[in-house]
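File shown: input-v4.cif. Contents: mmCIF, C-alpha atoms and all ligand atoms.
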```
data_query
#
loop_
_atom_site.label_atom_id
_atom_site.label_comp_id
_atom_site.auth_asym_id
_atom_site.auth_seq_id
_atom_site.Cartn_x
_atom_site.Cartn_y
_atom_site.Cartn_z
CA MET A 79 -18.92 29.92 12.69
CA THR A 80 -17.89 27.53 9.94
CA GLN A 81 -14.30 26.43 10.22
CA ARG A 82 -12.09 26.01 7.18
CA ILE A 83 -9.60 23.13 7.38
CA LEU A 84 -6.62 22.67 5.08
CA VAL A 85 -6.11 18.95 4.40
CA THR A 86 -2.75 18.01 2.90
CA GLY A 87 -2.82 14.60 1.21
CA GLY A 88 -6.62 14.79 1.15
CA ALA A 89 -6.91 12.74 -2.04
CA GLY A 90 -5.22 9.73 -0.40
CA TYR A 91 -6.69 6.78 1.48
CA ILE A 92 -7.07 8.18 5.00
CA GLY A 93 -7.32 11.79 3.77
CA SER A 94 -10.29 11.19 1.46
CA THR A 95 -12.18 9.25 4.15
CA THR A 96 -11.54 12.05 6.63
CA CYS A 97 -12.72 14.64 4.06
CA VAL A 98 -16.12 12.90 3.94
CA ALA A 99 -16.35 13.01 7.74
CA LEU A 100 -15.32 16.70 7.79
CA LEU A 101 -17.88 17.71 5.15
CA GLU A 102 -20.61 15.75 6.94
CA ALA A 103 -19.72 17.62 10.14
CA GLY A 104 -20.12 20.96 8.33
CA TYR A 105 -16.48 21.98 7.88
CA GLU A 106 -15.24 23.70 4.74
CA ILE A 107 -12.16 22.03 3.33
CA VAL A 108 -9.23 23.01 1.19
CA VAL A 109 -7.31 20.01 -0.13
CA VAL A 110 -3.66 20.25 -1.14
CA ASP A 111 -2.27 17.17 -2.88
CA ASN A 112 0.22 16.62 -5.70
CA LEU A 113 -1.50 13.31 -6.60
CA ALA A 114 1.82 11.45 -6.25
CA ASN A 115 -0.07 8.46 -4.79
CA SER A 116 -3.70 9.23 -5.49
CA SER A 117 -6.19 10.32 -8.10
CA ARG A 118 -8.63 13.22 -8.45
CA THR A 119 -11.41 10.68 -8.75
CA SER A 120 -11.27 10.10 -5.00
CA LEU A 121 -12.20 13.74 -4.39
CA ASP A 122 -15.03 13.61 -6.96
CA ARG A 123 -16.37 10.67 -5.01
CA VAL A 124 -15.89 12.45 -1.68
CA LEU A 125 -18.19 15.21 -2.98
CA GLU A 126 -20.66 12.67 -4.28
CA LEU A 127 -20.84 11.09 -0.78
CA ALA A 128 -20.88 14.39 1.13
CA PRO A 129 -21.79 17.39 -1.04
CA GLY A 130 -20.19 20.44 0.54
CA ASN A 131 -17.58 23.12 0.29
CA LEU A 132 -14.34 21.49 -0.89
CA SER A 133 -11.70 23.16 -3.04
CA PHE A 134 -8.74 21.28 -4.48
CA HIS A 135 -5.24 22.60 -5.22
CA GLU A 136 -2.79 20.37 -7.05
CA VAL A 137 0.25 21.61 -5.12
CA ASP A 138 3.34 19.89 -3.77
CA ILE A 139 3.86 20.57 -0.05
CA ARG A 140 7.52 21.32 -0.84
CA ASP A 141 6.45 24.25 -3.03
CA ALA A 142 6.43 27.26 -0.66
CA ASP A 143 4.97 29.73 -3.16
CA GLY A 144 2.24 27.31 -4.18
CA LEU A 145 1.32 26.62 -0.54
CA ASN A 146 1.42 30.28 0.36
CA ALA A 147 -1.00 31.09 -2.46
CA VAL A 148 -3.41 28.51 -1.05
CA PHE A 149 -3.23 30.04 2.45
CA GLU A 150 -3.76 33.51 0.97
CA SER A 151 -6.77 32.42 -1.10
CA ALA A 152 -8.95 31.82 1.98
CA PRO A 153 -8.42 32.02 5.75
CA ILE A 154 -7.53 28.65 7.29
CA ASP A 155 -8.39 27.69 10.88
CA ALA A 156 -6.42 24.46 11.16
CA VAL A 157 -4.39 21.99 9.14
CA ILE A 158 -4.64 18.20 9.00
CA HIS A 159 -1.35 17.01 7.53
CA PHE A 160 -1.61 13.60 5.82
CA ALA A 161 0.65 14.24 2.81
CA GLY A 162 3.74 12.08 2.63
CA PHE A 163 5.21 8.78 1.57
CA LYS A 164 4.48 5.73 3.71
CA ALA A 165 6.05 2.51 2.38
CA VAL A 166 8.68 1.08 4.71
CA GLY A 167 10.51 -1.00 2.07
CA GLU A 168 10.57 1.84 -0.43
CA SER A 169 11.98 4.15 2.24
CA VAL A 170 14.97 1.81 2.60
CA ALA A 171 15.51 1.84 -1.18
CA ILE A 172 15.05 5.60 -1.74
CA PRO A 173 15.60 7.28 1.64
CA LEU A 174 16.30 10.75 0.24
CA ALA A 175 12.88 10.89 -1.41
CA TYR A 176 11.35 10.09 2.01
CA TYR A 177 13.35 12.74 3.88
CA ASP A 178 12.55 15.24 1.15
CA THR A 179 8.79 14.66 0.92
CA ASN A 180 8.10 13.92 4.57
CA VAL A 181 10.61 16.07 6.46
CA VAL A 182 11.38 18.92 4.03
CA GLY A 183 7.71 19.01 2.97
CA THR A 184 6.61 19.33 6.61
CA ILE A 185 9.19 22.05 7.39
CA ASN A 186 7.92 23.97 4.40
CA LEU A 187 4.30 23.56 5.49
CA LEU A 188 5.12 24.71 9.03
CA GLN A 189 6.93 27.81 7.74
CA VAL A 190 4.01 28.75 5.54
CA MET A 191 1.59 28.13 8.41
CA GLN A 192 3.68 30.39 10.64
CA GLN A 193 3.81 33.16 8.03
CA ASN A 194 0.03 32.99 7.74
CA GLU A 195 -0.48 32.77 11.52
CA VAL A 196 -2.12 29.36 11.44
CA ARG A 197 -0.87 27.34 14.39
CA ASN A 198 -3.39 24.52 14.82
CA LEU A 199 -2.20 21.20 13.46
CA VAL A 200 -3.24 17.56 13.42
CA PHE A 201 -0.37 15.39 12.18
CA SER A 202 -0.44 11.80 10.82
CA SER A 203 2.11 9.96 12.89
CA SER A 204 2.38 6.20 13.18
CA ALA A 205 2.82 3.42 15.69
CA THR A 206 6.06 2.80 13.82
CA VAL A 207 7.63 5.37 16.21
CA TYR A 208 7.48 2.70 18.95
CA GLY A 209 9.92 0.46 17.04
CA ASP A 210 9.83 -3.07 18.49
CA PRO A 211 7.66 -2.38 21.56
CA GLU A 212 8.73 -3.63 24.97
CA GLN A 213 5.41 -3.01 26.65
CA LEU A 214 1.91 -4.08 25.53
CA PRO A 215 -0.54 -2.43 25.16
CA ILE A 216 1.70 0.47 24.13
CA PRO A 217 1.18 3.74 26.01
CA GLU A 218 2.18 7.08 24.47
CA SER A 219 4.96 7.32 27.08
CA ALA A 220 6.74 4.22 25.69
CA PRO A 221 10.29 4.73 24.40
CA LEU A 222 10.49 5.91 20.79
CA SER A 223 12.77 4.50 18.12
CA ALA A 224 12.87 3.96 14.40
CA ALA A 225 13.89 0.89 12.48
CA ASN A 226 13.85 2.34 8.96
CA PRO A 227 13.98 5.70 7.11
CA TYR A 228 10.16 6.00 6.98
CA GLY A 229 9.95 5.62 10.75
CA ARG A 230 12.80 8.08 11.20
CA THR A 231 10.92 10.72 9.16
CA LYS A 232 7.91 10.36 11.48
CA LEU A 233 10.13 10.57 14.55
CA MET A 234 12.00 13.61 13.22
CA ILE A 235 8.73 15.39 12.45
CA GLU A 236 7.36 14.55 15.91
CA ASP A 237 10.55 15.95 17.51
CA MET A 238 10.33 19.09 15.40
CA LEU A 239 6.71 19.65 16.34
CA ARG A 240 7.48 19.18 20.05
CA ASP A 241 10.26 21.80 19.74
CA ILE A 242 8.00 24.27 17.96
CA ALA A 243 5.29 23.95 20.61
CA VAL A 244 7.88 24.64 23.32
CA SER A 245 9.21 27.68 21.44
CA ASP A 246 5.77 29.21 20.94
CA PRO A 247 2.82 28.22 23.17
CA SER A 248 0.31 29.51 20.63
CA TRP A 249 0.83 26.30 18.62
CA THR A 250 -1.64 23.48 19.31
CA ILE A 251 -0.59 20.16 17.81
CA ALA A 252 -1.99 16.63 17.97
CA LEU A 253 0.40 13.86 16.92
CA LEU A 254 -1.99 11.06 16.04
CA ARG A 255 -0.17 7.74 16.11
CA TYR A 256 -2.20 5.42 13.88
CA PHE A 257 -1.94 1.68 14.37
CA ASN A 258 -3.03 -0.38 11.31
CA PRO A 259 -5.69 1.43 9.28
CA VAL A 260 -7.81 -0.91 7.13
CA GLY A 261 -11.30 -1.06 5.59
CA ALA A 262 -13.03 1.53 3.48
CA HIS A 263 -16.00 3.87 3.43
CA PRO A 264 -19.12 1.62 3.69
CA SER A 265 -20.42 2.97 0.35
CA GLY A 266 -17.58 1.15 -1.45
CA ARG A 267 -16.84 4.37 -3.37
CA ILE A 268 -13.57 5.37 -1.70
CA GLY A 269 -10.84 3.20 -0.23
CA GLU A 270 -7.22 2.17 -0.34
CA ASP A 271 -5.70 1.93 -3.83
CA PRO A 272 -2.07 0.89 -3.41
CA SER A 273 0.09 1.25 -6.49
CA GLY A 274 1.95 -1.92 -7.47
CA ILE A 275 2.15 -4.89 -5.14
CA PRO A 276 0.53 -4.08 -1.78
CA ASN A 277 2.86 -4.11 1.23
CA ASN A 278 0.06 -4.36 3.74
CA LEU A 279 -1.89 -7.40 4.79
CA MET A 280 -5.52 -6.38 4.17
CA PRO A 281 -5.14 -5.00 0.63
CA PHE A 282 -3.03 -8.03 -0.26
CA ILE A 283 -5.68 -10.48 0.98
CA MET A 284 -8.39 -8.55 -0.88
CA GLN A 285 -6.40 -8.54 -4.12
CA VAL A 286 -5.94 -12.31 -3.87
CA ALA A 287 -9.67 -12.70 -3.17
CA VAL A 288 -10.59 -10.64 -6.24
CA GLY A 289 -8.17 -12.57 -8.47
CA ARG A 290 -5.46 -9.94 -8.94
CA ARG A 291 -2.78 -11.90 -7.01
CA LYS A 292 -2.07 -15.62 -6.81
CA GLU A 293 -1.80 -16.21 -3.06
CA LEU A 294 -1.19 -14.61 0.27
CA VAL A 295 2.16 -15.45 1.82
CA VAL A 296 1.93 -15.27 5.62
CA PHE A 297 5.26 -13.94 6.85
CA GLY A 298 6.09 -16.50 9.53
CA ASN A 299 4.04 -18.61 11.95
CA ASP A 300 6.74 -19.16 14.57
CA TYR A 301 6.24 -15.98 16.60
CA PRO A 302 5.50 -16.20 20.33
CA THR A 303 1.78 -15.42 19.87
CA ARG A 304 -1.43 -17.44 20.30
CA ASP A 305 -1.26 -18.95 16.77
CA GLY A 306 2.34 -18.15 15.83
CA THR A 307 1.52 -15.20 13.52
CA CYS A 308 2.10 -11.53 14.32
CA ILE A 309 -0.45 -9.46 16.22
CA ARG A 310 -1.47 -5.98 15.05
CA ASP A 311 -4.09 -3.44 16.10
CA TYR A 312 -6.24 -3.09 12.97
CA ILE A 313 -8.44 -0.02 13.03
CA HIS A 314 -11.29 0.80 10.65
CA VAL A 315 -10.48 3.85 8.55
CA MET A 316 -13.93 5.28 9.43
CA ASP A 317 -13.03 5.16 13.13
CA LEU A 318 -9.73 6.81 12.26
CA ALA A 319 -11.49 9.58 10.33
CA GLU A 320 -13.76 10.21 13.31
CA GLY A 321 -10.66 10.33 15.51
CA HIS A 322 -9.38 13.26 13.43
CA LEU A 323 -12.60 15.19 13.96
CA ALA A 324 -12.40 14.51 17.69
CA ALA A 325 -8.77 15.74 17.70
CA LEU A 326 -9.67 18.93 15.81
CA ARG A 327 -12.43 19.70 18.30
CA ALA A 328 -10.17 19.03 21.28
CA LEU A 329 -7.05 20.85 20.01
CA ALA A 330 -7.64 24.13 21.82
CA GLU A 331 -8.48 22.44 25.09
CA ILE A 332 -5.48 20.09 25.01
CA GLY A 333 -3.00 22.79 24.00
CA GLY A 334 0.72 22.30 23.33
CA CYS A 335 1.93 19.27 21.44
CA THR A 336 0.36 15.97 22.45
CA ALA A 337 0.88 12.46 21.08
CA ILE A 338 -2.25 10.29 21.02
CA ASN A 339 -2.60 6.66 19.93
CA LEU A 340 -5.43 5.88 17.53
CA GLY A 341 -5.99 2.15 17.81
CA THR A 342 -8.67 -0.20 19.10
CA GLY A 343 -6.64 -1.41 22.06
CA THR A 344 -6.77 -5.05 20.99
CA GLY A 345 -4.82 -7.03 18.45
CA SER A 346 -5.61 -9.66 15.84
CA THR A 347 -3.22 -12.24 14.42
CA VAL A 348 -2.58 -12.61 10.71
CA PHE A 349 -4.51 -15.90 10.72
CA GLU A 350 -7.46 -14.25 12.51
CA VAL A 351 -7.62 -11.48 9.90
CA PHE A 352 -7.31 -14.05 7.13
CA GLU A 353 -10.19 -16.11 8.59
CA ALA A 354 -12.40 -13.02 8.95
CA ALA A 355 -11.64 -12.10 5.33
CA ARG A 356 -12.45 -15.62 4.12
CA ARG A 357 -15.80 -15.57 5.95
CA THR A 358 -16.55 -12.20 4.38
CA VAL A 359 -15.74 -13.03 0.78
CA GLY A 360 -17.46 -16.42 1.05
CA HIS A 361 -14.90 -18.44 -0.88
CA ASP A 362 -11.41 -19.80 -0.35
CA ILE A 363 -8.45 -17.47 -0.60
CA ALA A 364 -5.11 -19.03 -1.58
CA MET A 365 -2.60 -18.81 1.26
CA ARG A 366 0.69 -20.35 2.33
CA VAL A 367 3.06 -19.76 5.21
CA GLY A 368 6.46 -18.35 4.22
CA GLU A 369 9.52 -16.89 5.90
CA ARG A 370 9.42 -14.10 8.47
CA ARG A 371 9.64 -10.57 7.04
CA PRO A 372 12.74 -8.83 8.46
CA GLY A 373 11.91 -6.10 10.95
CA ASP A 374 8.41 -7.32 11.91
CA ALA A 375 7.59 -6.99 15.62
CA SER A 376 5.74 -10.02 16.95
CA ALA A 377 2.98 -7.92 18.55
CA CYS A 378 1.91 -4.30 18.47
CA PHE A 379 -1.32 -2.88 19.88
CA ALA A 380 -2.35 0.39 21.44
CA ASP A 381 -3.15 1.53 24.90
CA SER A 382 -6.08 3.59 23.66
CA SER A 383 -7.08 5.12 26.99
CA LEU A 384 -5.56 8.57 26.35
CA ALA A 385 -7.67 9.06 23.22
CA ALA A 386 -10.77 8.12 25.22
CA ARG A 387 -9.84 10.60 27.95
CA LEU A 388 -8.63 13.56 25.88
CA LEU A 389 -10.73 13.19 22.74
CA ASP A 390 -13.76 11.33 24.08
CA TRP A 391 -13.21 8.99 21.12
CA ARG A 392 -13.08 5.21 20.87
CA ALA A 393 -12.84 2.89 17.89
CA THR A 394 -16.09 0.91 17.65
CA ARG A 395 -15.92 -1.11 14.43
CA THR A 396 -15.03 -4.82 14.51
CA ILE A 397 -12.58 -6.81 12.41
CA ASP A 398 -15.57 -8.28 10.53
CA GLU A 399 -16.80 -4.78 9.61
CA MET A 400 -13.26 -3.92 8.47
CA CYS A 401 -13.23 -6.96 6.17
CA ILE A 402 -16.79 -6.36 4.89
CA ASP A 403 -16.02 -2.74 3.95
CA ALA A 404 -12.59 -3.59 2.50
CA TRP A 405 -14.20 -6.31 0.39
CA ARG A 406 -17.06 -4.06 -0.80
CA TRP A 407 -14.48 -1.49 -1.95
CA GLN A 408 -12.26 -4.13 -3.60
CA SER A 409 -15.08 -5.98 -5.36
CA MET A 410 -16.76 -2.78 -6.59
CA ASN A 411 -13.39 -1.37 -7.76
CA PRO A 412 -11.21 -4.39 -8.63
CA ASN A 413 -8.56 -2.11 -10.13
CA GLY A 414 -8.91 0.72 -7.64
CA TYR A 415 -9.61 4.13 -9.17
CA SER A 416 -8.11 3.31 -12.56
P1 LIG B 501 -1.78 7.86 0.84
O1 LIG B 501 -0.55 7.64 0.07
O2 LIG B 501 -3.04 7.23 0.35
O3 LIG B 501 -2.03 9.42 1.04
C1 LIG B 501 -1.00 10.37 1.08
C2 LIG B 501 -1.34 11.49 0.13
O4 LIG B 501 -0.28 12.45 0.14
C3 LIG B 501 -1.51 11.01 -1.33
O5 LIG B 501 -2.72 11.49 -1.85
C4 LIG B 501 -0.31 11.62 -2.05
O6 LIG B 501 -0.60 11.93 -3.41
C5 LIG B 501 -0.05 12.86 -1.20
N1 LIG B 501 1.32 13.36 -1.31
C6 LIG B 501 2.48 12.67 -1.27
N2 LIG B 501 3.53 13.48 -1.41
C7 LIG B 501 3.03 14.74 -1.53
C8 LIG B 501 3.62 16.02 -1.70
N3 LIG B 501 4.95 16.18 -1.79
N4 LIG B 501 2.81 17.09 -1.79
C9 LIG B 501 1.46 16.96 -1.71
N5 LIG B 501 0.86 15.77 -1.56
C10 LIG B 501 1.63 14.67 -1.47
O7 LIG B 501 -1.48 7.38 2.35
P2 LIG B 501 -2.46 7.20 3.59
O8 LIG B 501 -2.52 5.75 3.92
O9 LIG B 501 -3.73 7.93 3.38
O10 LIG B 501 -1.58 7.89 4.73
C11 LIG B 501 -1.76 9.24 5.11
C12 LIG B 501 -0.77 9.58 6.20
O11 LIG B 501 -0.92 8.69 7.30
C13 LIG B 501 0.70 9.46 5.76
O12 LIG B 501 1.42 10.53 6.32
C14 LIG B 501 1.13 8.15 6.37
O13 LIG B 501 2.51 8.13 6.65
C15 LIG B 501 0.31 8.12 7.65
N6 LIG B 501 0.09 6.75 8.15
C16 LIG B 501 -0.50 5.83 7.34
C17 LIG B 501 -0.66 4.52 7.79
C18 LIG B 501 -1.27 3.47 6.91
O14 LIG B 501 -1.10 2.30 7.19
N7 LIG B 501 -2.01 3.81 5.85
C19 LIG B 501 -0.24 4.17 9.09
C20 LIG B 501 0.33 5.15 9.90
C21 LIG B 501 0.49 6.45 9.42
N1 LIG B 502 1.78 -9.76 6.43
C1 LIG B 502 1.82 -11.00 5.84
N2 LIG B 502 1.77 -11.08 4.47
C2 LIG B 502 1.69 -9.97 3.69
C3 LIG B 502 1.63 -8.70 4.32
C4 LIG B 502 1.69 -8.64 5.69
O1 LIG B 502 1.90 -12.02 6.52
O2 LIG B 502 1.67 -10.10 2.45
C5 LIG B 502 1.81 -9.68 7.91
C6 LIG B 502 3.02 -8.92 8.42
O3 LIG B 502 4.11 -9.78 8.59
C7 LIG B 502 2.49 -8.37 9.73
C8 LIG B 502 0.99 -8.15 9.47
O4 LIG B 502 0.69 -8.93 8.32
O5 LIG B 502 2.62 -9.33 10.72
C9 LIG B 502 0.65 -6.71 9.18
O6 LIG B 502 1.52 -6.23 8.17
P1 LIG B 502 1.31 -4.81 7.49
O7 LIG B 502 2.43 -4.63 6.51
O8 LIG B 502 -0.08 -4.68 6.98
O9 LIG B 502 1.44 -3.81 8.71
P2 LIG B 502 2.68 -3.47 9.64
O10 LIG B 502 2.17 -3.49 11.03
O11 LIG B 502 3.84 -4.32 9.36
O12 LIG B 502 3.05 -2.01 9.17
C10 LIG B 502 2.12 -0.96 9.33
C11 LIG B 502 2.35 0.11 8.28
C12 LIG B 502 3.68 0.76 8.47
C13 LIG B 502 3.85 1.22 9.88
C14 LIG B 502 3.59 0.09 10.84
C15 LIG B 502 3.64 0.51 12.27
O13 LIG B 502 2.29 -0.44 6.99
O14 LIG B 502 3.76 1.88 7.63
O15 LIG B 502 2.27 -0.43 10.58
O16 LIG B 502 2.64 1.45 12.48
F1 LIG B 502 5.12 1.65 10.04
#
```
What would you get if you wrote out this structure as structure tokens?
Amino acid sequence: MTQRILVTGGAGYIGSTTCVALLEAGYEIVVVDNLANSSRTSLDRVLELAPGNLSFHEVDIRDADGLNAVFESAPIDAVIHFAGFKAVGESVAIPLAYYDTNVVGTINLLQVMQQNEVRNLVFSSSATVYGDPEQLPIPESAPLSAANPYGRTKLMIEDMLRDIAVSDPSWTIALLRYFNPVGAHPSGRIGEDPSGIPNNLMPFIMQVAVGRRKELVVFGNDYPTRDGTCIRDYIHVMDLAEGHLAALRALAEIGGCTAINLGTGTGSTVFEVFEAARRTVGHDIAMRVGERRPGDASACFADSSLAARLLDWRATRTIDEMCIDAWRWQSMNPNGYS
């Protein structure tokens, strides 16, 4: 029987890519998004890439009546919850907005799910919940901490979801801890469209390469790593999308509330990513080394063995494929969706 999945934040970067994967796999989808950080165009393009059954509701996840109406309009089998704010620096500047959208929004969603007897959930968590990791690669059992309000919202939501699963065993919840999602759909039609100056490495490099920014500043080359720059576990957004499908399929079997890393299991330095991007775009990209960015861990990469075991899923795409797809998206859409 066809399953209907409610996707909050489905117009966003990871959400839209996952919508394509869901439609291709034959799911029906109901997207809820208030378009705070996205545009309707992404969903038009999702349907162009994967014609299928997708309905869109411009609703804020903090709006209980609006959400309830969506649940009542068609039976939902499971929810993938992407909606939220995600910029670390902004969360320090406007913490209340982060607690409101991420934490209050999630509480609201969970209450509406409960009222409508939907208890299957895949949640977008983040490797940020590991803080400055002591152990590498990082297993799911590593100590959790948060260094900023954004991270605290993810940790609070994780704690809440663990409590709910204990209180009522009919909940099945996957906490997917993403490492560093990059790249785009290989069509170049959907991808990451950060508003303002990008915080993240890959979109910044691509915007310099396309002429929108002057130069990349590498935040420090005096870390204790192989070339002095920080190591991260970059994961292609297509692999991530497939990870969500694998989690949906495995939910019932796993049961309870389970945290699972979605990463490749290996890390790349900032210089390595920069070199791969330069090879891809085929011309020089302006770059200089600057000061360290406060709060950056020197290295962070996943122990990805639990995902392989529980979900039968592994990331397969290389850093070159990540750069090629990010560049196709950036060069075909130099100003994003606008
Ligand atoms: P995104 O900003 O592109 O997508 C989030 C979507 O949620 C947007 O479409 C936005 O309009 C929507 N949204 C925001 N507030 C809302 C509200 N109150 N009601 C309804 N919709 C709302 O971000 P993304 O990169 O696709 O991230 C998706 C999720 O994954 C987020 O929860 C984020 O914290 C998490 N995550 C992202 C990364 C990353 O590097 N991109 C890493 C780890 C975890
Ligand atoms: N970097 C630069 N210059 C830039 C941008 C980034 O040198 O202009 C460096 C950073 O110092 C870091 C690496 O590139 O060493 C990656 O930085 P990102 O900001 O792309 O990614 P982070 O790992 O710092 O942060 C990401 C998400 C956060 C999340 C965190 C942990 O953006 O939301 O992963 O999961 F909290």
Test item: residues lying within 9 Å of ligand LIG 501 (chain B) with only C-alpha atoms and all ligand atoms, as a ChimeraX atom specification: /A:86-95,110-117,136-141,159-165,178-180,183,201-206,228-229,232,254-260,269-272,278,315
Closest-contact table, chain A side, partner ligand LIG 502 (chain B), 9 Å, counting all atoms listed in the file, as JSON lines:
```
{"residue": "A:Lys164", "atom": "CA", "partner": "B:LIG502", "partner_atom": "O14", "distance": 5.5}
{"residue": "A:Ala165", "atom": "CA", "partner": "B:LIG502", "partner_atom": "O14", "distance": 5.8}
{"residue": "A:Val166", "atom": "CA", "partner": "B:LIG502", "partner_atom": "O14", "distance": 5.8}
{"residue": "A:Ser203", "atom": "CA", "partner": "B:LIG502", "partner_atom": "O16", "distance": 8.5}
{"residue": "A:Ser204", "atom": "CA", "partner": "B:LIG502", "partner_atom": "O16", "distance": 4.8}
{"residue": "A:Ala205", "atom": "CA", "partner": "B:LIG502", "partner_atom": "O16", "distance": 3.8}
{"residue": "A:Thr206", "atom": "CA", "partner": "B:LIG502", "partner_atom": "C15", "distance": 3.7}
{"residue": "A:Val207", "atom": "CA", "partner": "B:LIG502", "partner_atom": "O16", "distance": 7.4}
{"residue": "A:Tyr208", "atom": "CA", "partner": "B:LIG502", "partner_atom": "C15", "distance": 8.0}
{"residue": "A:Gly209", "atom": "CA", "partner": "B:LIG502", "partner_atom": "C15", "distance": 7.9}
{"residue": "A:Asn226", "atom": "CA", "partner": "B:LIG502", "partner_atom": "F1", "distance": 8.8}
{"residue": "A:Tyr228", "atom": "CA", "partner": "B:LIG502", "partner_atom": "F1", "distance": 7.3}
{"residue": "A:Gly229", "atom": "CA", "partner": "B:LIG502", "partner_atom": "F1", "distance": 6.3}
{"residue": "A:Arg255", "atom": "CA", "partner": "B:LIG502", "partner_atom": "O16", "distance": 7.8}
{"residue": "A:Tyr256", "atom": "CA", "partner": "B:LIG502", "partner_atom": "O16", "distance": 6.4}
{"residue": "A:Phe257", "atom": "CA", "partner": "B:LIG502", "partner_atom": "O16", "distance": 5.0}
{"residue": "A:Asn258", "atom": "CA", "partner": "B:LIG502", "partner_atom": "O15", "distance": 5.4}
{"residue": "A:Pro259", "atom": "CA", "partner": "B:LIG502", "partner_atom": "C10", "distance": 8.2}
{"residue": "A:Val260", "atom": "CA", "partner": "B:LIG502", "partner_atom": "O8", "distance": 8.6}
{"residue": "A:Pro276", "atom": "CA", "partner": "B:LIG502", "partner_atom": "O2", "distance": 7.4}
{"residue": "A:Asn277", "atom": "CA", "partner": "B:LIG502", "partner_atom": "O7", "distance": 5.3}
{"residue": "A:Asn278", "atom": "CA", "partner": "B:LIG502", "partner_atom": "O8", "distance": 3.3}
{"residue": "A:Leu279", "atom": "CA", "partner": "B:LIG502", "partner_atom": "C3", "distance": 3.8}
{"residue": "A:Met280", "atom": "CA", "partner": "B:LIG502", "partner_atom": "O8", "distance": 6.4}
{"residue": "A:Pro281", "atom": "CA", "partner": "B:LIG502", "partner_atom": "O8", "distance": 8.1}
{"residue": "A:Phe282", "atom": "CA", "partner": "B:LIG502", "partner_atom": "O2", "distance": 5.8}
{"residue": "A:Ile283", "atom": "CA", "partner": "B:LIG502", "partner_atom": "O2", "distance": 7.5}
{"residue": "A:Glu293", "atom": "CA", "partner": "B:LIG502", "partner_atom": "O2", "distance": 8.9}
{"residue": "A:Leu294", "atom": "CA", "partner": "B:LIG502", "partner_atom": "O2", "distance": 5.8}
{"residue": "A:Val295", "atom": "CA", "partner": "B:LIG502", "partner_atom": "N2", "distance": 5.1}
{"residue": "A:Val296", "atom": "CA", "partner": "B:LIG502", "partner_atom": "O1", "distance": 3.4}
{"residue": "A:Phe297", "atom": "CA", "partner": "B:LIG502", "partner_atom": "O1", "distance": 3.9}
{"residue": "A:Gly298", "atom": "CA", "partner": "B:LIG502", "partner_atom": "O1", "distance": 6.8}
{"residue": "A:Asn299", "atom": "CA", "partner": "B:LIG502", "partner_atom": "O1", "distance": 8.8}
{"residue": "A:Thr307", "atom": "CA", "partner": "B:LIG502", "partner_atom": "O5", "distance": 6.6}
{"residue": "A:Cys308", "atom": "CA", "partner": "B:LIG502", "partner_atom": "O5", "distance": 4.3}
{"residue": "A:Ile309", "atom": "CA", "partner": "B:LIG502", "partner_atom": "O5", "distance": 6.3}
{"residue": "A:Arg310", "atom": "CA", "partner": "B:LIG502", "partner_atom": "O10", "distance": 6.0}
{"residue": "A:Asp311", "atom": "CA", "partner": "B:LIG502", "partner_atom": "O10", "distance": 8.1}
{"residue": "A:Tyr312", "atom": "CA", "partner": "B:LIG502", "partner_atom": "O10", "distance": 8.6}
{"residue": "A:Thr347", "atom": "CA", "partner": "B:LIG502", "partner_atom": "O5", "distance": 7.5}
{"residue": "A:Val348", "atom": "CA", "partner": "B:LIG502", "partner_atom": "O4", "distance": 5.5}
{"residue": "A:Phe349", "atom": "CA", "partner": "B:LIG502", "partner_atom": "O1", "distance": 8.6}
{"residue": "A:Val351", "atom": "CA", "partner": "B:LIG502", "partner_atom": "O4", "distance": 8.8}
{"residue": "A:Val367", "atom": "CA", "partner": "B:LIG502", "partner_atom": "O1", "distance": 7.9}
{"residue": "A:Gly368", "atom": "CA", "partner": "B:LIG502", "partner_atom": "O1", "distance": 8.1}
{"residue": "A:Arg370", "atom": "CA", "partner": "B:LIG502", "partner_atom": "O3", "distance": 6.8}
{"residue": "A:Arg371", "atom": "CA", "partner": "B:LIG502", "partner_atom": "O3", "distance": 5.8}
{"residue": "A:Pro372", "atom": "CA", "partner": "B:LIG502", "partner_atom": "O3", "distance": 8.7}
{"residue": "A:Gly373", "atom": "CA", "partner": "B:LIG502", "partner_atom": "O11", "distance": 8.4}
{"residue": "A:Asp374", "atom": "CA", "partner": "B:LIG502", "partner_atom": "O3", "distance": 6.0}
{"residue": "A:Ala375", "atom": "CA", "partner": "B:LIG502", "partner_atom": "O5", "distance": 7.4}
{"residue": "A:Ser376", "atom": "CA", "partner": "B:LIG502", "partner_atom": "O5", "distance": 7.0}
{"residue": "A:Ala377", "atom": "CA", "partner": "B:LIG502", "partner_atom": "O5", "distance": 8.0}
{"residue": "A:Cys378", "atom": "CA", "partner": "B:LIG502", "partner_atom": "O10", "distance": 7.5}
```
Could you pull the residues within 9 Å of A:Thr344, counting all atoms listed in the file, minus those fewer than 2 positions along the same chain, as an MDAnalysis selection string? chainID A and resid 215 310:312 341:342 346 379:381
How about saving the chosen residues, C-alpha atoms kept, as a JSON list (two decimals), in the frame of the given file?
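For reference, out_8.json as written:
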```json
[["chain", "number", "residue", "atom", "x", "y", "z"],
["A", 215, "PRO", "CA", -0.54, -2.43, 25.16],
["A", 310, "ARG", "CA", -1.47, -5.98, 15.05],
["A", 311, "ASP", "CA", -4.09, -3.44, 16.10],
["A", 312, "TYR", "CA", -6.24, -3.09, 12.97],
["A", 341, "GLY", "CA", -5.99, 2.15, 17.81],
["A", 342, "THR", "CA", -8.67, -0.20, 19.10],
["A", 346, "SER", "CA", -5.61, -9.66, 15.84],
["A", 379, "PHE", "CA", -1.32, -2.88, 19.88],
["A", 380, "ALA", "CA", -2.35, 0.39, 21.44],
["A", 381, "ASP", "CA", -3.15, 1.53, 24.90]]
```
